[in-house]
Amino acid sequence: MTEPKGGRPLFGLVLAGGKSRRMGRDKALLDHGGQSQLAFVVHLLDDHVDQVFVSTRAEQRDETERSQYTQIIDHYEEIGPVAGILSAMDEHPHADWLVVACDLPNIDAPTIRYLLQHRTREHPFVAYSSSHDGLPEPLCALYLEGSEALLRAFVDDGLQCPRKMLIRSATLLLEQTNPNSLDNVNTVDDLRASVLEAAS
């Protein structure tokens with residue numbers, strides 16, 4: 001693990017608080033080779049960080065799968081994924097955060113390792129450029145200590161989209177090592193084209 005001078009902790013945050021409206025079922029519970037998609041991502045991150053947390057909404061905290069992990073419950077409502085990120089920063093303000101969405105079935109260890117090799121004090125965020133449109137991929141990214149102020153300023157200005165936040169910041173952008181690693185599943189069609197299956 002790359003660790004900037006000063007020994008900041010590196011925590012993982014798996015974003016699993018979405019409502020999965022377009023999918024029509026809980027994406028965290030989709031089957032990934034005999035385990036949930038949430039478990040797949042948590043276990044992947046666990047090999048690379050000091051501790052993994054699962055970001056959830058309050059009404060999800062007792063759900064069977066999520067309750068197996070250390071959770072950070074959203075402190076904010078109706079601001080999308082940034083609610084989970086800011087809530088994690090509230091609880092551990094002096095950490096660097098590896099933030100990963102739970103709906104990335106192709107994410108792999110080389111993708112995580114390459115991202116962490118670029119952990120830095122020189123940029124508030126480190127992210128991949130999308131292999132599809134070249135824009136930042138905010139839901140597999142490093143949110144470095146001190147970036148909380150930037151996120152809050154954006155939210156205060158009415159901006160809630162993490163991608164736009166990274167576009168408007170001094171983000172260090174990397175080329176994807178695996179062009180398909182950050183493809184997510186949002187719809188039933190995405191699910192059919194992925195390695196995942198709906199849990200019975």
# chains A, B, ... in the order shown; residues from 1 in each chain; ligands from 1
>>> closest_atom_pairs(of="segment 16-58 of chain A", to="segment 102-119 of chain A", cutoff="10 Å", atoms="only C-alpha atoms", output="tab-separated table")
residue	atom	partner	partner_atom	distance
A:Ala16	CA	A:Cys102	CA	5.6
A:Gly17	CA	A:Cys102	CA	9.0
A:Gly18	CA	A:Cys102	CA	9.3
A:Ser20	CA	A:Asp103	CA	9.9
A:Asp26	CA	A:Asp103	CA	9.9
A:Lys27	CA	A:Asp103	CA	6.2
A:Ala28	CA	A:Cys102	CA	6.0
A:Leu29	CA	A:Cys102	CA	9.5
A:Leu30	CA	A:Asp103	CA	8.8
A:Asp31	CA	A:Pro105	CA	9.8
A:His32	CA	A:Pro105	CA	7.5
A:Ser36	CA	A:Cys102	CA	9.8
A:Gln37	CA	A:Cys102	CA	6.6
A:Leu38	CA	A:Cys102	CA	5.5
A:Ala39	CA	A:Cys102	CA	8.8
A:Phe40	CA	A:Pro105	CA	8.3
A:Val41	CA	A:Cys102	CA	6.2
A:Val42	CA	A:Cys102	CA	8.3
A:Leu44	CA	A:Ala109	CA	6.8
A:Leu45	CA	A:Ile112	CA	7.8
A:Asp47	CA	A:Ala109	CA	8.7
A:His48	CA	A:Arg113	CA	7.6
A:Val49	CA	A:Leu116	CA	9.5
A:Val54	CA	A:Cys102	CA	9.1
A:Ser55	CA	A:Cys102	CA	9.6
>>> write_last_selection(atoms="N, CA and C atoms", output="mmCIF file, in the first residue's frame")
data_model
loop_
_atom_site.group_PDB
_atom_site.id
_atom_site.type_symbol
_atom_site.label_atom_id
_atom_site.label_comp_id
_atom_site.auth_asym_id
_atom_site.auth_seq_id
_atom_site.Cartn_x
_atom_site.Cartn_y
_atom_site.Cartn_z
ATOM 1 N N ALA A 16 -23.259 1.704 -0.682
ATOM 2 C CA ALA A 16 -24.333 0.732 -0.836
ATOM 3 C C ALA A 16 -25.652 1.298 -0.344
ATOM 4 N N GLY A 17 -25.806 2.620 -0.427
ATOM 5 C CA GLY A 17 -27.006 3.261 0.090
ATOM 6 C C GLY A 17 -27.991 3.692 -0.971
ATOM 7 N N GLY A 18 -27.731 3.302 -2.218
ATOM 8 C CA GLY A 18 -28.626 3.710 -3.300
ATOM 9 C C GLY A 18 -29.980 3.018 -3.228
ATOM 10 N N SER A 20 -31.603 1.965 -6.020
ATOM 11 C CA SER A 20 -31.693 0.997 -7.129
ATOM 12 C C SER A 20 -33.001 1.127 -7.900
ATOM 13 N N ASP A 26 -32.410 -4.533 -5.280
ATOM 14 C CA ASP A 26 -31.245 -4.042 -4.557
ATOM 15 C C ASP A 26 -29.957 -4.515 -5.239
ATOM 16 N N LYS A 27 -29.198 -3.590 -5.790
ATOM 17 C CA LYS A 27 -27.983 -3.962 -6.521
ATOM 18 C C LYS A 27 -26.931 -4.576 -5.613
ATOM 19 N N ALA A 28 -26.909 -4.189 -4.361
ATOM 20 C CA ALA A 28 -25.919 -4.743 -3.441
ATOM 21 C C ALA A 28 -26.109 -6.237 -3.239
ATOM 22 N N LEU A 29 -27.330 -6.739 -3.474
ATOM 23 C CA LEU A 29 -27.636 -8.144 -3.216
ATOM 24 C C LEU A 29 -27.556 -9.009 -4.461
ATOM 25 N N LEU A 30 -27.192 -8.439 -5.597
ATOM 26 C CA LEU A 30 -27.038 -9.241 -6.803
ATOM 27 C C LEU A 30 -25.954 -10.289 -6.588
ATOM 28 N N ASP A 31 -26.141 -11.434 -7.203
ATOM 29 C CA ASP A 31 -25.222 -12.559 -6.999
ATOM 30 C C ASP A 31 -23.975 -12.416 -7.867
ATOM 31 N N HIS A 32 -22.817 -12.515 -7.229
ATOM 32 C CA HIS A 32 -21.540 -12.465 -7.938
ATOM 33 C C HIS A 32 -20.756 -13.727 -7.584
ATOM 34 N N SER A 36 -22.726 -12.036 -2.533
ATOM 35 C CA SER A 36 -23.393 -10.819 -2.980
ATOM 36 C C SER A 36 -22.387 -9.883 -3.652
ATOM 37 N N GLN A 37 -22.893 -9.015 -4.487
ATOM 38 C CA GLN A 37 -22.023 -8.024 -5.102
ATOM 39 C C GLN A 37 -21.390 -7.131 -4.035
ATOM 40 N N LEU A 38 -22.138 -6.833 -2.972
ATOM 41 C CA LEU A 38 -21.580 -6.054 -1.867
ATOM 42 C C LEU A 38 -20.400 -6.788 -1.233
ATOM 43 N N ALA A 39 -20.567 -8.071 -0.945
ATOM 44 C CA ALA A 39 -19.488 -8.843 -0.340
ATOM 45 C C ALA A 39 -18.268 -8.893 -1.246
ATOM 46 N N PHE A 40 -18.502 -9.031 -2.537
ATOM 47 C CA PHE A 40 -17.394 -9.066 -3.498
ATOM 48 C C PHE A 40 -16.551 -7.803 -3.406
ATOM 49 N N VAL A 41 -17.197 -6.638 -3.371
ATOM 50 C CA VAL A 41 -16.448 -5.376 -3.337
ATOM 51 C C VAL A 41 -15.786 -5.177 -1.975
ATOM 52 N N VAL A 42 -16.499 -5.489 -0.895
ATOM 53 C CA VAL A 42 -15.913 -5.339 0.441
ATOM 54 C C VAL A 42 -14.647 -6.184 0.564
ATOM 55 N N LEU A 44 -12.720 -7.326 -1.794
ATOM 56 C CA LEU A 44 -11.674 -6.808 -2.670
ATOM 57 C C LEU A 44 -10.945 -5.649 -2.007
ATOM 58 N N LEU A 45 -11.690 -4.712 -1.449
ATOM 59 C CA LEU A 45 -11.065 -3.545 -0.819
ATOM 60 C C LEU A 45 -10.311 -3.924 0.446
ATOM 61 N N ASP A 47 -8.296 -6.100 1.123
ATOM 62 C CA ASP A 47 -6.899 -6.462 0.906
ATOM 63 C C ASP A 47 -6.000 -5.243 0.719
ATOM 64 N N HIS A 48 -6.579 -4.046 0.619
ATOM 65 C CA HIS A 48 -5.790 -2.876 0.221
ATOM 66 C C HIS A 48 -5.867 -1.701 1.184
ATOM 67 N N VAL A 49 -6.749 -1.773 2.174
ATOM 68 C CA VAL A 49 -6.955 -0.619 3.063
ATOM 69 C C VAL A 49 -6.872 -1.047 4.520
ATOM 70 N N VAL A 54 -19.109 0.199 5.089
ATOM 71 C CA VAL A 54 -20.201 0.164 4.114
ATOM 72 C C VAL A 54 -21.117 1.346 4.376
ATOM 73 N N SER A 55 -21.323 2.149 3.353
ATOM 74 C CA SER A 55 -22.182 3.333 3.436
ATOM 75 C C SER A 55 -23.622 2.945 3.159
#
>>> atom_distance(atom1="atom CA of Gly80 of chain A", atom2="atom CA of Trp97 of chain A")
17.4 Å
>>> select_by_dssp(residues="segment 1-163 of chain A", states="strand (DSSP E)", output="PyMOL selection string")
chain A and resi 10-15+31-32+35-36+51-56+71-73+96-101+125-129+136-143
>>> select_by_dssp(residues="segment 36-101 of chain A", states="alpha helix (DSSP H)", output="ChimeraX atom specification")
/A:37-46,82-91
>>> write_last_selection(atoms="C-alpha atoms", output="PDB file, in the first residue's frame")
ATOM      1  CA  GLN A  37     -22.023  -8.024  -5.102  1.00  0.00           C
ATOM      2  CA  LEU A  38     -21.580  -6.054  -1.867  1.00  0.00           C
ATOM      3  CA  ALA A  39     -19.488  -8.843  -0.340  1.00  0.00           C
ATOM      4  CA  PHE A  40     -17.394  -9.066  -3.498  1.00  0.00           C
ATOM      5  CA  VAL A  41     -16.448  -5.376  -3.337  1.00  0.00           C
ATOM      6  CA  VAL A  42     -15.913  -5.339   0.441  1.00  0.00           C
ATOM      7  CA  HIS A  43     -13.553  -8.322   0.264  1.00  0.00           C
ATOM      8  CA  LEU A  44     -11.674  -6.808  -2.670  1.00  0.00           C
ATOM      9  CA  LEU A  45     -11.065  -3.545  -0.819  1.00  0.00           C
ATOM     10  CA  ASP A  46     -10.194  -5.308   2.414  1.00  0.00           C
ATOM     11  CA  VAL A  82     -21.840  12.471  -1.820  1.00  0.00           C
ATOM     12  CA  ALA A  83     -23.991  11.926   1.283  1.00  0.00           C
ATOM     13  CA  GLY A  84     -22.095   8.732   2.006  1.00  0.00           C
ATOM     14  CA  ILE A  85     -18.713  10.295   1.321  1.00  0.00           C
ATOM     15  CA  LEU A  86     -19.327  13.313   3.536  1.00  0.00           C
ATOM     16  CA  SER A  87     -20.744  11.099   6.300  1.00  0.00           C
ATOM     17  CA  ALA A  88     -17.565   9.008   6.256  1.00  0.00           C
ATOM     18  CA  MET A  89     -15.451  12.145   6.400  1.00  0.00           C
ATOM     19  CA  ASP A  90     -17.525  13.390   9.348  1.00  0.00           C
ATOM     20  CA  GLU A  91     -16.683  10.249  11.295  1.00  0.00           C
TER      21      GLU A  91
END
>>> residues_around(residues="Leu144 of chain A", least_positions_apart="2", cutoff="8 Å", atoms="only C-alpha atoms", output="list in words")
Ala95, Asp96, Trp97, Thr120, Arg121, His123, Pro124, Phe125, Leu142, Gly146 and Ser147 of chain A
>>> residues_around(residues="Ile167 of chain A", least_positions_apart="3", cutoff="10 Å", atoms="only C-alpha atoms", output="short mmCIF file (atom, residue, chain, number, x, y, z; two decimals) with N, CA and C atoms, in the first residue's frame")
data_model
loop_
_atom_site.label_atom_id
_atom_site.label_comp_id
_atom_site.auth_asym_id
_atom_site.auth_seq_id
_atom_site.Cartn_x
_atom_site.Cartn_y
_atom_site.Cartn_z
N LEU A 135 -14.33 11.26 -19.01
CA LEU A 135 -14.65 12.06 -17.82
C LEU A 135 -14.25 11.30 -16.55
N PRO A 136 -14.09 12.00 -15.44
CA PRO A 136 -13.68 11.32 -14.21
C PRO A 136 -14.70 10.30 -13.74
N GLU A 137 -14.18 9.20 -13.21
CA GLU A 137 -15.01 8.16 -12.59
C GLU A 137 -14.98 8.38 -11.08
N PRO A 138 -15.99 9.06 -10.52
CA PRO A 138 -15.93 9.46 -9.11
C PRO A 138 -16.23 8.35 -8.12
N PRO A 162 -20.94 14.02 -7.95
CA PRO A 162 -19.51 13.83 -7.68
C PRO A 162 -18.64 13.98 -8.93
N ARG A 163 -19.14 13.55 -10.07
CA ARG A 163 -18.35 13.67 -11.30
C ARG A 163 -18.07 15.13 -11.62
N LYS A 164 -19.09 15.97 -11.51
CA LYS A 164 -18.88 17.40 -11.77
C LYS A 164 -17.95 18.03 -10.74
N ALA A 170 -8.87 20.08 -8.94
CA ALA A 170 -7.54 19.69 -9.42
C ALA A 170 -7.36 18.18 -9.22
N THR A 171 -8.18 17.41 -9.91
CA THR A 171 -8.18 15.96 -9.79
C THR A 171 -7.05 15.36 -10.60
N LEU A 173 -6.03 12.55 -12.82
CA LEU A 173 -6.76 11.57 -13.62
C LEU A 173 -5.79 10.54 -14.19
#
>>> residues_around(residues="segment 98-100 of chain A", least_positions_apart="6", cutoff="6 Å", atoms="only C-alpha atoms", output="PyMOL selection string")
chain A and resi 12-14+139-142
